[in-house]
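Enquirer: File upload-v9.cif follows (mmCIF, C-alpha atoms):
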```
data_final
#
loop_
_atom_site.label_atom_id
_atom_site.label_comp_id
_atom_site.auth_asym_id
_atom_site.auth_seq_id
_atom_site.Cartn_x
_atom_site.Cartn_y
_atom_site.Cartn_z
CA MET N 1 62.09 30.91 12.22
CA SER N 2 60.00 31.33 9.14
CA PHE N 3 59.29 28.76 6.50
CA GLU N 4 57.45 29.07 3.22
CA VAL N 5 55.15 26.44 1.77
CA ASP N 6 54.16 26.20 -1.84
CA LEU N 7 50.39 25.69 -1.96
CA ASN N 8 50.14 23.30 -4.88
CA GLY N 9 52.26 25.50 -7.16
CA LYS N 10 49.76 28.35 -6.88
CA LYS N 11 50.58 30.48 -3.88
CA VAL N 12 53.27 30.76 -1.27
CA LEU N 13 52.35 30.85 2.40
CA ARG N 14 54.84 32.13 4.98
CA LEU N 15 54.75 30.32 8.30
CA GLU N 16 56.35 31.18 11.64
CA SER N 17 57.64 28.43 13.90
CA VAL N 18 55.89 27.98 17.24
CA TYR N 19 57.44 24.64 18.19
CA SER N 20 60.34 22.49 17.07
CA HIS N 21 61.43 19.05 18.22
CA THR N 22 63.70 16.28 17.01
CA ILE N 23 62.24 12.86 17.81
CA PRO N 24 65.22 10.60 18.57
CA ALA N 25 65.49 7.39 16.56
CA SER N 26 62.86 4.78 17.59
CA MET N 27 61.07 7.18 19.96
CA GLY N 28 57.68 8.94 19.90
CA TRP N 29 56.28 12.43 20.37
CA ALA N 30 52.82 13.90 20.95
CA GLY N 31 51.61 17.46 21.12
CA LEU N 32 48.74 19.83 20.50
CA VAL N 33 48.33 21.32 17.05
CA LYS N 34 45.61 23.96 17.10
CA ALA N 35 43.05 24.49 14.37
CA GLY N 36 44.71 26.51 11.61
CA GLN N 37 48.25 25.58 12.64
CA TYR N 38 50.58 23.59 10.42
CA ILE N 39 52.72 20.59 11.31
CA ARG N 40 55.79 19.69 9.29
CA VAL N 41 57.25 16.20 9.54
CA CYS N 42 60.73 15.92 8.04
CA ASP N 43 63.09 13.01 7.50
CA PRO N 44 66.49 14.64 8.11
CA ARG N 45 68.58 11.65 7.00
CA GLY N 46 66.37 9.88 4.43
CA ARG N 47 64.82 6.38 4.28
CA GLN N 48 62.98 6.83 7.59
CA CYS N 49 59.27 6.24 8.13
CA ALA N 50 57.19 8.17 10.63
CA ASP N 51 53.82 6.89 11.82
CA LEU N 52 51.37 9.69 12.53
CA TRP N 53 48.10 9.67 14.46
CA ALA N 54 45.74 12.57 15.12
CA PHE N 55 42.98 12.74 17.73
CA SER N 56 40.46 15.47 18.36
CA ALA N 57 41.68 17.36 21.43
CA GLU N 58 38.07 17.72 22.56
CA ASP N 59 36.98 14.10 22.17
CA MET N 60 39.71 11.53 21.72
CA ASP N 61 37.19 9.00 20.42
CA GLU N 62 37.44 11.01 17.22
CA HIS N 63 40.63 10.42 15.27
CA LEU N 64 42.15 10.36 11.82
CA SER N 65 40.68 7.26 10.23
CA ALA N 66 42.22 5.52 7.23
CA MET N 67 39.04 3.64 6.35
CA HIS N 68 36.96 6.83 6.36
CA THR N 69 39.61 8.86 4.50
CA ARG N 70 39.91 6.43 1.58
CA VAL N 71 36.20 6.56 0.78
CA TRP N 72 36.20 10.34 1.02
CA VAL N 73 39.15 11.08 -1.27
CA ASN N 74 38.54 7.98 -3.43
CA LYS N 75 42.23 7.22 -3.27
CA LEU N 76 44.52 4.99 -1.23
CA CYS N 77 46.06 8.14 0.27
CA PRO N 78 45.34 11.89 0.09
CA VAL N 79 47.52 14.18 -2.04
CA PRO N 80 48.18 17.91 -1.42
CA GLY N 81 44.91 19.80 -1.15
CA GLU N 82 42.97 16.76 0.06
CA SER N 83 42.18 16.05 3.68
CA PHE N 84 42.39 13.12 6.03
CA HIS N 85 39.01 12.48 7.57
CA SER N 86 38.01 11.29 11.01
CA ASN N 87 35.82 8.41 12.10
CA TYR N 88 33.10 11.07 12.52
CA ARG N 89 33.47 11.75 8.79
CA ARG N 90 34.82 15.27 8.98
CA PRO N 91 38.17 16.67 7.86
CA ILE N 92 40.84 16.56 10.54
CA LEU N 93 44.17 17.25 8.74
CA GLN N 94 44.78 18.68 5.29
CA MET N 95 47.79 17.61 3.23
CA ILE N 96 49.41 20.89 2.22
CA THR N 97 52.86 20.07 0.84
CA ASP N 98 54.62 16.81 0.09
CA THR N 99 58.18 16.72 -1.25
CA CYS N 100 58.30 12.91 -1.34
CA GLY N 101 55.00 11.66 -2.78
CA VAL N 102 55.10 8.17 -1.31
CA HIS N 103 53.20 7.36 1.88
CA ASP N 104 51.10 4.51 3.17
CA LEU N 105 47.59 4.43 4.53
CA LEU N 106 47.08 0.66 4.41
CA THR N 107 49.22 -0.99 7.04
CA ALA N 108 49.34 -1.48 10.77
CA PRO N 109 51.95 0.20 12.93
CA CYS N 110 54.68 -2.12 14.14
CA ASP N 111 53.78 -3.43 17.58
CA GLU N 112 54.99 -5.81 20.28
CA HIS N 113 53.29 -8.75 18.50
CA ARG N 114 55.22 -8.02 15.32
CA TYR N 115 58.58 -8.22 17.10
CA ARG N 116 57.54 -11.36 18.93
CA LEU N 117 56.85 -12.95 15.52
CA TYR N 118 60.31 -11.84 14.35
CA GLY N 119 61.65 -13.86 17.28
CA VAL N 120 62.75 -10.94 19.45
CA ALA N 121 62.84 -12.41 22.97
CA GLY N 122 63.12 -9.25 25.04
CA PRO N 123 61.31 -5.93 24.81
CA HIS N 124 61.61 -3.88 21.60
CA ARG N 125 60.34 -0.39 20.94
CA SER N 126 57.43 -0.20 18.48
CA CYS N 127 55.27 2.45 16.84
CA ALA N 128 52.18 1.24 18.72
CA GLY N 129 54.16 1.25 21.97
CA ASN N 130 55.49 4.73 21.21
CA LEU N 131 51.93 5.97 20.68
CA ARG N 132 50.74 4.51 23.98
CA GLU N 133 53.71 6.07 25.78
CA VAL N 134 53.39 9.60 24.37
CA ILE N 135 49.60 9.80 24.35
CA GLU N 136 49.35 8.98 28.04
CA PRO N 137 49.53 12.59 29.37
CA TYR N 138 46.70 13.62 27.00
CA LEU N 139 44.47 10.64 27.53
CA LYS N 140 40.97 11.18 28.79
CA LEU N 141 39.66 7.75 27.77
CA THR N 142 39.17 4.81 30.11
CA HIS N 143 40.11 2.43 27.32
CA PHE N 144 42.53 3.27 24.55
CA TYR N 145 42.99 1.49 21.27
CA VAL N 146 45.52 2.08 18.51
CA PRO N 147 43.91 3.37 15.30
CA GLN N 148 45.53 2.80 11.94
CA PRO N 149 48.32 5.34 11.47
CA PHE N 150 49.26 7.42 8.45
CA ASN N 151 52.67 6.00 7.61
CA ILE N 152 54.63 8.99 6.30
CA PHE N 153 57.20 7.92 3.69
CA GLY N 154 55.85 4.34 3.99
CA ASN N 155 56.47 2.53 0.72
CA VAL N 156 53.67 0.00 0.29
CA PRO N 157 52.98 -0.40 -3.43
CA VAL N 158 49.71 -2.02 -4.44
CA GLY N 159 49.87 -4.12 -7.62
CA ALA N 160 47.22 -4.29 -10.33
CA ASP N 161 46.43 -7.79 -8.98
CA GLY N 162 45.77 -6.42 -5.48
CA SER N 163 49.17 -7.47 -4.12
CA VAL N 164 50.46 -5.37 -1.23
CA GLN N 165 54.24 -5.21 -0.93
CA ASN N 166 56.66 -3.08 1.02
CA GLY N 167 60.00 -1.57 0.21
CA PRO N 168 62.44 0.98 1.58
CA ALA N 169 61.18 4.47 2.32
CA PRO N 170 61.98 6.56 -0.76
CA SER N 171 62.45 9.76 1.25
CA ARG N 172 65.68 11.61 0.60
CA LYS N 173 67.51 13.68 3.19
CA GLY N 174 65.26 16.63 4.10
CA ASP N 175 62.04 15.37 2.51
CA TYR N 176 58.99 16.58 4.40
CA ILE N 177 55.25 16.90 4.44
CA VAL N 178 53.19 19.74 5.85
CA LEU N 179 49.70 19.15 7.23
CA LYS N 180 47.19 21.75 8.40
CA ALA N 181 44.87 21.04 11.32
CA TRP N 182 41.15 21.61 10.71
CA ILE N 183 40.35 21.25 14.40
CA ASP N 184 42.47 21.23 17.58
CA VAL N 185 44.25 17.89 17.45
CA ILE N 186 46.64 15.89 19.55
CA CYS N 187 49.17 14.65 17.02
CA ALA N 188 51.39 11.71 17.83
CA ILE N 189 54.37 10.65 15.75
CA SER N 190 56.61 7.63 16.03
CA ALA N 191 60.07 7.53 14.46
CA CYS N 192 59.53 3.94 13.35
CA PRO N 193 61.84 1.50 15.19
CA GLN N 194 61.41 -1.21 12.53
CA GLN N 195 64.83 -2.71 11.88
CA PHE N 196 63.84 -6.17 10.66
CA ASN N 197 62.72 -5.10 7.20
CA SER N 198 63.78 -2.44 4.74
CA ILE N 199 60.90 -0.03 5.39
CA SER N 200 63.14 2.41 7.28
CA GLY N 201 66.25 1.35 5.40
CA TRP N 202 67.17 -1.21 8.12
CA PHE N 203 68.53 1.58 10.36
CA PRO N 204 65.97 3.64 12.30
CA THR N 205 66.90 7.31 12.55
CA GLU N 206 65.39 10.51 13.94
CA VAL N 207 62.38 12.51 12.71
CA GLN N 208 62.04 16.30 12.85
CA VAL N 209 58.71 17.87 13.90
CA ASP N 210 57.86 21.56 13.54
CA VAL N 211 54.61 23.35 14.28
CA TYR N 212 53.90 26.66 12.54
CA GLU N 213 51.37 29.45 12.34
CA PRO N 214 50.75 31.68 9.34
CA ALA N 215 53.05 34.70 9.57
CA ALA N 216 51.51 38.14 10.11
CA GLU N 217 53.40 39.39 7.04
CA GLN N 218 52.91 37.37 3.90
CA PRO N 219 55.05 37.49 0.71
CA ASP N 220 53.68 39.54 -2.16
CA MET K 1 21.20 -30.19 7.34
CA SER K 2 24.51 -31.02 5.76
CA PHE K 3 26.52 -28.93 3.37
CA GLU K 4 29.69 -29.74 1.50
CA VAL K 5 32.52 -27.31 0.89
CA ASP K 6 35.14 -27.65 -1.77
CA LEU K 7 38.52 -26.99 -0.16
CA ASN K 8 40.22 -25.10 -2.96
CA GLY K 9 39.37 -27.76 -5.56
CA LYS K 10 41.30 -30.39 -3.66
CA LYS K 11 39.08 -32.03 -1.09
CA VAL K 12 35.45 -31.98 -0.07
CA LEU K 13 34.49 -31.42 3.55
CA ARG K 14 31.02 -32.33 4.80
CA LEU K 15 29.59 -29.96 7.38
CA GLU K 16 26.54 -30.32 9.66
CA SER K 17 24.45 -27.30 10.53
CA VAL K 18 24.43 -26.20 14.15
CA TYR K 19 22.74 -22.82 13.66
CA SER K 20 20.83 -21.01 10.95
CA HIS K 21 19.46 -17.48 10.84
CA THR K 22 18.17 -15.06 8.25
CA ILE K 23 19.22 -11.49 9.03
CA PRO K 24 16.36 -9.25 7.88
CA ALA K 25 17.21 -6.45 5.48
CA SER K 26 19.15 -3.61 7.17
CA MET K 27 19.48 -5.48 10.47
CA GLY K 28 22.40 -7.07 12.32
CA TRP K 29 23.29 -10.36 14.00
CA ALA K 30 25.96 -11.55 16.40
CA GLY K 31 26.80 -14.98 17.74
CA LEU K 32 29.52 -17.29 18.99
CA VAL K 33 31.44 -19.34 16.45
CA LYS K 34 33.68 -21.80 18.24
CA ALA K 35 37.22 -22.67 17.20
CA GLY K 36 36.99 -25.22 14.38
CA GLN K 37 33.43 -24.27 13.42
CA TYR K 38 32.52 -22.80 10.06
CA ILE K 39 30.35 -19.79 9.31
CA ARG K 40 28.67 -19.38 5.94
CA VAL K 41 27.42 -15.97 4.85
CA CYS K 42 25.08 -16.10 1.86
CA ASP K 43 23.40 -13.44 -0.25
CA PRO K 44 20.04 -15.07 -1.06
CA ARG K 45 18.88 -12.41 -3.54
CA GLY K 46 22.10 -11.02 -5.01
CA ARG K 47 23.70 -7.52 -4.97
CA GLN K 48 23.72 -7.32 -1.18
CA CYS K 49 26.75 -6.49 0.96
CA ALA K 50 27.30 -7.86 4.44
CA ASP K 51 29.74 -6.26 6.85
CA LEU K 52 31.43 -8.77 9.12
CA TRP K 53 33.39 -8.28 12.35
CA ALA K 54 35.01 -10.93 14.53
CA PHE K 55 36.17 -10.51 18.13
CA SER K 56 37.97 -13.01 20.34
CA ALA K 57 35.35 -14.39 22.73
CA GLU K 58 37.97 -14.40 25.50
CA ASP K 59 39.26 -10.86 25.05
CA MET K 60 37.19 -8.52 22.94
CA ASP K 61 40.14 -6.13 22.58
CA GLU K 62 41.36 -8.68 20.03
CA HIS K 63 39.52 -8.57 16.74
CA LEU K 64 39.82 -9.15 13.03
CA SER K 65 42.02 -6.31 11.82
CA ALA K 66 42.17 -5.17 8.21
CA MET K 67 45.47 -3.33 8.64
CA HIS K 68 47.14 -6.38 10.18
CA THR K 69 45.61 -8.80 7.67
CA ARG K 70 46.84 -6.94 4.59
CA VAL K 71 50.49 -7.04 5.69
CA TRP K 72 50.19 -10.73 6.56
CA VAL K 73 48.66 -11.98 3.30
CA ASN K 74 50.36 -9.27 1.19
CA LYS K 75 47.07 -8.66 -0.56
CA LEU K 76 44.21 -6.20 -0.27
CA CYS K 77 41.98 -9.12 0.82
CA PRO K 78 42.57 -12.80 1.65
CA VAL K 79 41.58 -15.52 -0.82
CA PRO K 80 40.53 -19.11 0.03
CA GLY K 81 43.19 -20.78 2.13
CA GLU K 82 44.43 -17.51 3.59
CA SER K 83 43.43 -16.14 6.97
CA PHE K 84 42.24 -12.87 8.38
CA HIS K 85 44.51 -11.84 11.22
CA SER K 86 43.81 -10.03 14.45
CA ASN K 87 45.33 -6.93 15.96
CA TYR K 88 47.38 -9.36 18.07
CA ARG K 89 48.83 -10.66 14.78
CA ARG K 90 47.40 -14.15 14.91
CA PRO K 91 44.92 -15.87 12.57
CA ILE K 92 41.30 -15.42 13.60
CA LEU K 93 39.21 -16.56 10.58
CA GLN K 94 40.26 -18.58 7.57
CA MET K 95 38.66 -18.00 4.18
CA ILE K 96 37.57 -21.48 3.09
CA THR K 97 35.25 -21.06 0.12
CA ASP K 98 34.19 -18.07 -1.93
CA THR K 99 31.72 -18.35 -4.81
CA CYS K 100 31.82 -14.62 -5.58
CA GLY K 101 35.46 -13.51 -5.49
CA VAL K 102 34.81 -9.82 -4.85
CA HIS K 103 35.02 -8.39 -1.35
CA ASP K 104 36.35 -5.27 0.29
CA LEU K 105 38.79 -4.81 3.12
CA LEU K 106 39.45 -1.08 2.62
CA THR K 107 36.40 0.89 3.58
CA ALA K 108 34.53 2.03 6.65
CA PRO K 109 31.13 0.62 7.56
CA CYS K 110 28.26 2.98 6.91
CA ASP K 111 27.47 4.89 10.08
CA GLU K 112 25.23 7.66 11.42
CA HIS K 113 27.70 10.30 10.19
CA ARG K 114 27.49 8.96 6.65
CA TYR K 115 23.69 9.30 6.54
CA ARG K 116 23.88 12.74 8.09
CA LEU K 117 26.16 13.77 5.21
CA TYR K 118 23.64 12.32 2.73
CA GLY K 119 21.17 14.74 4.28
CA VAL K 120 19.02 12.20 6.11
CA ALA K 121 17.36 14.23 8.86
CA GLY K 122 15.96 11.45 11.04
CA PRO K 123 17.52 8.24 12.28
CA HIS K 124 18.71 5.69 9.73
CA ARG K 125 19.99 2.18 10.35
CA SER K 126 23.71 1.72 9.66
CA CYS K 127 26.26 -1.08 9.72
CA ALA K 128 28.13 0.56 12.62
CA GLY K 129 24.84 1.01 14.48
CA ASN K 130 23.89 -2.60 13.79
CA LEU K 131 27.22 -3.74 15.23
CA ARG K 132 26.75 -1.68 18.40
CA GLU K 133 23.21 -3.06 18.79
CA VAL K 134 24.01 -6.75 18.34
CA ILE K 135 27.35 -6.80 20.17
CA GLU K 136 25.85 -5.34 23.33
CA PRO K 137 24.90 -8.67 25.02
CA TYR K 138 28.45 -9.97 24.48
CA LEU K 139 30.29 -6.85 25.51
CA LYS K 140 32.76 -7.01 28.36
CA LEU K 141 34.52 -3.75 27.52
CA THR K 142 33.96 -0.43 29.27
CA HIS K 143 34.56 1.40 26.01
CA PHE K 144 33.74 -0.01 22.59
CA TYR K 145 34.97 1.16 19.22
CA VAL K 146 34.03 0.00 15.75
CA PRO K 147 36.92 -1.73 13.98
CA GLN K 148 37.14 -1.82 10.20
CA PRO K 149 34.80 -4.53 8.91
CA PHE K 150 35.33 -7.16 6.23
CA ASN K 151 32.79 -6.05 3.62
CA ILE K 152 31.56 -9.30 2.07
CA PHE K 153 30.60 -8.81 -1.60
CA GLY K 154 31.81 -5.20 -1.30
CA ASN K 155 32.90 -3.98 -4.73
CA VAL K 156 35.68 -1.44 -4.17
CA PRO K 157 38.07 -1.66 -7.12
CA VAL K 158 41.51 -0.11 -6.73
CA GLY K 159 42.99 1.40 -9.89
CA ALA K 160 46.61 1.22 -10.98
CA ASP K 161 46.80 4.94 -10.06
CA GLY K 162 45.65 4.22 -6.50
CA SER K 163 42.07 5.33 -7.14
CA VAL K 164 39.46 3.71 -4.90
CA GLN K 165 35.99 3.43 -6.42
CA ASN K 166 32.84 1.57 -5.51
CA GLY K 167 30.24 -0.18 -7.55
CA PRO K 168 27.33 -2.56 -7.10
CA ALA K 169 27.93 -5.82 -5.25
CA PRO K 170 28.60 -8.43 -7.95
CA SER K 171 27.08 -11.27 -5.88
CA ARG K 172 24.47 -13.33 -7.67
CA LYS K 173 21.54 -15.02 -5.94
CA GLY K 174 22.96 -17.67 -3.61
CA ASP K 175 26.59 -16.57 -3.65
CA TYR K 176 28.32 -17.29 -0.35
CA ILE K 177 31.56 -17.43 1.51
CA VAL K 178 32.58 -19.90 4.21
CA LEU K 179 35.00 -18.92 6.96
CA LYS K 180 36.54 -21.17 9.61
CA ALA K 181 37.20 -19.88 13.12
CA TRP K 182 40.74 -20.37 14.44
CA ILE K 183 39.71 -19.35 17.96
CA ASP K 184 36.34 -18.89 19.69
CA VAL K 185 34.98 -15.70 18.16
CA ILE K 186 31.96 -13.48 18.50
CA CYS K 187 31.01 -12.82 14.89
CA ALA K 188 28.79 -9.87 14.02
CA ILE K 189 27.21 -9.31 10.63
CA SER K 190 25.25 -6.38 9.28
CA ALA K 191 22.97 -6.72 6.26
CA CYS K 192 24.12 -3.33 4.93
CA PRO K 193 21.32 -0.71 5.02
CA GLN K 194 23.09 1.52 2.47
CA GLN K 195 20.47 2.71 0.01
CA PHE K 196 22.07 5.95 -1.16
CA ASN K 197 24.65 4.37 -3.41
CA SER K 198 24.78 1.27 -5.61
CA ILE K 199 26.90 -0.87 -3.27
CA SER K 200 23.93 -3.04 -2.26
CA GLY K 201 22.15 -2.44 -5.57
CA TRP K 202 20.15 0.49 -4.09
CA PHE K 203 17.77 -1.93 -2.32
CA PRO K 204 19.00 -3.50 0.93
CA THR K 205 17.90 -7.14 1.31
CA GLU K 206 18.43 -9.97 3.78
CA VAL K 207 21.56 -12.02 4.51
CA GLN K 208 21.64 -15.70 5.45
CA VAL K 209 23.99 -16.93 8.19
CA ASP K 210 24.74 -20.58 8.93
CA VAL K 211 27.17 -22.09 11.41
CA TYR K 212 28.47 -25.62 10.82
CA GLU K 213 30.66 -28.28 12.34
CA PRO K 214 32.55 -30.95 10.42
CA ALA K 215 30.28 -34.01 10.04
CA ALA K 216 31.23 -37.22 11.84
CA GLU K 217 31.00 -39.07 8.52
CA GLN K 218 33.01 -37.59 5.69
CA PRO K 219 32.65 -38.35 1.95
CA ASP K 220 35.16 -40.80 0.45
#
```
Rewrite the coordinates I just gave you, this time as structure tokens.
Expert:
Amino acid sequence: MSFEVDLNGKKVLRLESVYSHTIPASMGWAGLVKAGQYIRVCDPRGRQCADLWAFSAEDMDEHLSAMHTRVWVNKLCPVPGESFHSNYRRPILQMITDTCGVHDLLTAPCDEHRYRLYGVAGPHRSCAGNLREVIEPYLKLTHFYVPQPFNIFGNVPVGADGSVQNGPAPSRKGDYIVLKAWIDVICAISACPQQFNSISGWFPTEVQVDVYEPAAEQPD
Amino acid sequence: MSFEVDLNGKKVLRLESVYSHTIPASMGWAGLVKAGQYIRVCDPRGRQCADLWAFSAEDMDEHLSAMHTRVWVNKLCPVPGESFHSNYRRPILQMITDTCGVHDLLTAPCDEHRYRLYGVAGPHRSCAGNLREVIEPYLKLTHFYVPQPFNIFGNVPVGADGSVQNGPAPSRKGDYIVLKAWIDVICAISACPQQFNSISGWFPTEVQVDVYEPAAEQPD
């Protein structure tokens, strides 16, 4: 299946699908995205956050790093054209298209500690837990830690006074982003299981993932 | 030597010194700060940043976490009274006193990759390198990573449009912060060796560290 992306209003790039997967509500996914391939993350129902991580396939100690990205792009979050950077200070994923415009690069993924503080007595799925689960087959490290994710459609407005709030994901049905990989990366995505605040609209739903390559034939 | 801290303009607490150390320019320091002890980080000359990390002495996988702190205090950085939180979502250090008011909890420590990008051909000291050096005697992990630091006196203003800039540390001679430990922590501090931007006023200088306990005799 082909898909066309608008490169910042300047050019159209035709992509061919090489992989497609629907992440069920509250679950995770991980897979290889090769250098030069594109990954599209879509919210099919609206108001759903997706936490994304990216690790170098060659050396998983290198990963998308929020604290290194902010000082590179001099923004709280990259916009189309700009790239997420790794903890080795090189570009790892480029933001290509963004139909929503609101994402978060400030906050932790939900984790088992968060749900314990909400008072949940039993187990509860979490973005950090989803990452640990799906990254396992790819893991070559003796000791894994959870880096800060890129919270796609995360609505975390920062006030002029430095206040950090959160509100419902503004994504509408079918909103998506497309990222290009600069190097071979293991991408992991969690369809955020947060149901105790409004960030995913109180009702976690599924997330659509597609991986593409540039088509051999491009539009005129 | 005793030292009095003003608890948010409400009460005065007298502290007795248990440890004092001057970190030479561009170097690092690490040490144990026990639960209930206070650590004071002072800029003796002005315009000098200090990167601080804190790890649970019991389990070094637990550490001060910027991404968990922001969502707890709902601010870009805690103010006196508020606490830094750990990746296990519990308080680790409380901000007690702050004579400067400007700090940064958004940006990466300087590291070897940063100096390579500046074009430095040979080795160059860095905050991340200082952390690795000074944490080594305390390390019980098989695999260590560098968490995001708390950049004391770091001047990283965030614009209403989400822009992230940096400017010279606003600290004047003798400005300090005091933090209280909620649990036994290994604190590490780097007197930032950054000399290729204005963040430490172009000339890295020393940082003064003092650890205190509450005095047996308190002021009336």
Enquirer: Determine which residues of chain K sit within 10 Å of chain N, taking into account all atoms listed in the file, and present them as a ChimeraX atom specification.
Expert: /K:61,65-77,87-90,105-114,116-117,141-149,156-166
Enquirer: Any idea what's packed within 7 Å of Val207 in chain K, counting only C-alpha atoms, ignoring anything in its chain fewer than 5 positions away? Could you give it as a list in words?
Expert: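 So the residues in contact are Thr22, Ile23, Pro24, Cys42, Asp43, Pro44 and Ala191 of chain K.
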Enquirer: Report the distance between CA of Glu4 in chain K and CA of Gln208 in chain K in Å, rounded to one decimal place.
Expert: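 CA of Glu4 in chain K sits 16.7 Å away from CA of Gln208 in chain K.
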Enquirer: When you draw a straight line from CA of Gly167 in chain K to CA of Glu82 in chain K, how long is it in Å?
Expert: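 Result for CA of Gly167 in chain K versus CA of Glu82 in chain K: 25.0 Å, one decimal.
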Enquirer: Just how far from CA of Ser190 in chain N is CA of Gly46 in chain N, in Å to one decimal?
Expert: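 The value is 15.3 Å.
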Enquirer: Return as an mmCIF file with C-alpha atoms, in the coordinates of the input the set of residues that the PyMOL selection byres ((chain K and resi 154) around 6) yields on the displayed structure.
Expert:
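Output contents, as saved in result.cif:
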```cif
data_model
loop_
_atom_site.group_PDB
_atom_site.id
_atom_site.type_symbol
_atom_site.label_atom_id
_atom_site.label_comp_id
_atom_site.auth_asym_id
_atom_site.auth_seq_id
_atom_site.Cartn_x
_atom_site.Cartn_y
_atom_site.Cartn_z
ATOM 1 C CA CYS K 49 26.750 -6.490 0.960
ATOM 2 C CA HIS K 103 35.020 -8.390 -1.350
ATOM 3 C CA ASP K 104 36.350 -5.270 0.290
ATOM 4 C CA ASN K 151 32.790 -6.050 3.620
ATOM 5 C CA ILE K 152 31.560 -9.300 2.070
ATOM 6 C CA PHE K 153 30.600 -8.810 -1.600
ATOM 7 C CA ASN K 155 32.900 -3.980 -4.730
ATOM 8 C CA ALA K 169 27.930 -5.820 -5.250
#
```
Enquirer: Name the closest residue to Lys180 in chain K among the candidates K:Ile39, K:Ile135, K:Met1, K:Cys100; distances are taken between atoms, counting only C-alpha atoms.
Expert: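 Using only C-alpha atoms, Lys180 in chain K sits closest to K:Ile39.
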Enquirer: Please list as a PDB file with C-alpha atoms, keeping the file's coordinate frame every residue within 7 Å of Ser20 in chain N, counting all atoms listed in the file and excluding residues in the same chain fewer than 3 positions away.
Expert:
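Result file selection_19.pdb:
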```
ATOM      1  CA  VAL N 209      58.710  17.870  13.900  1.00  0.00           C
ATOM      2  CA  ASP N 210      57.860  21.560  13.540  1.00  0.00           C
ATOM      3  CA  VAL N 211      54.610  23.350  14.280  1.00  0.00           C
TER       4      VAL N 211
END
```
Enquirer: So which residues are close to (69.8, 13.0, 7.4), meaning at most 9 Å away in the file's coordinates with all atoms listed in the file counted, and can you show them as a PyMOL selection string?
Expert: chain N and resi 43-47+172-174+205-206
Enquirer: Which residue out of N:Ala128, N:Leu179, N:Ile92, N:Val134 has the minimum interatomic distance to Arg40 in chain N when only C-alpha atoms are used?
Expert: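 Once distances to Arg40 in chain N are computed over only C-alpha atoms, the minimum belongs to N:Leu179.
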Enquirer: Let me make sure I understand: among K:Val5, K:Ile177, K:Val41, K:Ala54, which one has the smallest atom-to-atom distance to Pro78 in chain K if we use only C-alpha atoms?
Expert: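 Looking at the shortest contact to Pro78 in chain K, the residue is K:Ile177.
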Enquirer: Check the smallest atom-to-atom distance from each of K:Gln218, K:Gln94, K:Ser200, K:Gln194 to Gly36 in chain K using only C-alpha atoms, then report the winner.
Expert: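 Between K:Gln218, K:Gln94, K:Ser200, K:Gln194, the residue approaching Gly36 in chain K most closely is K:Gln94.
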Enquirer: Would you please work out which residue, of N:Val79, N:Ala215, N:Val120, N:Ala57, is nearest to Ala188 in chain N when using all atoms listed in the file?
Expert: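 Closest to Ala188 in chain N of all the choices is N:Ala57.
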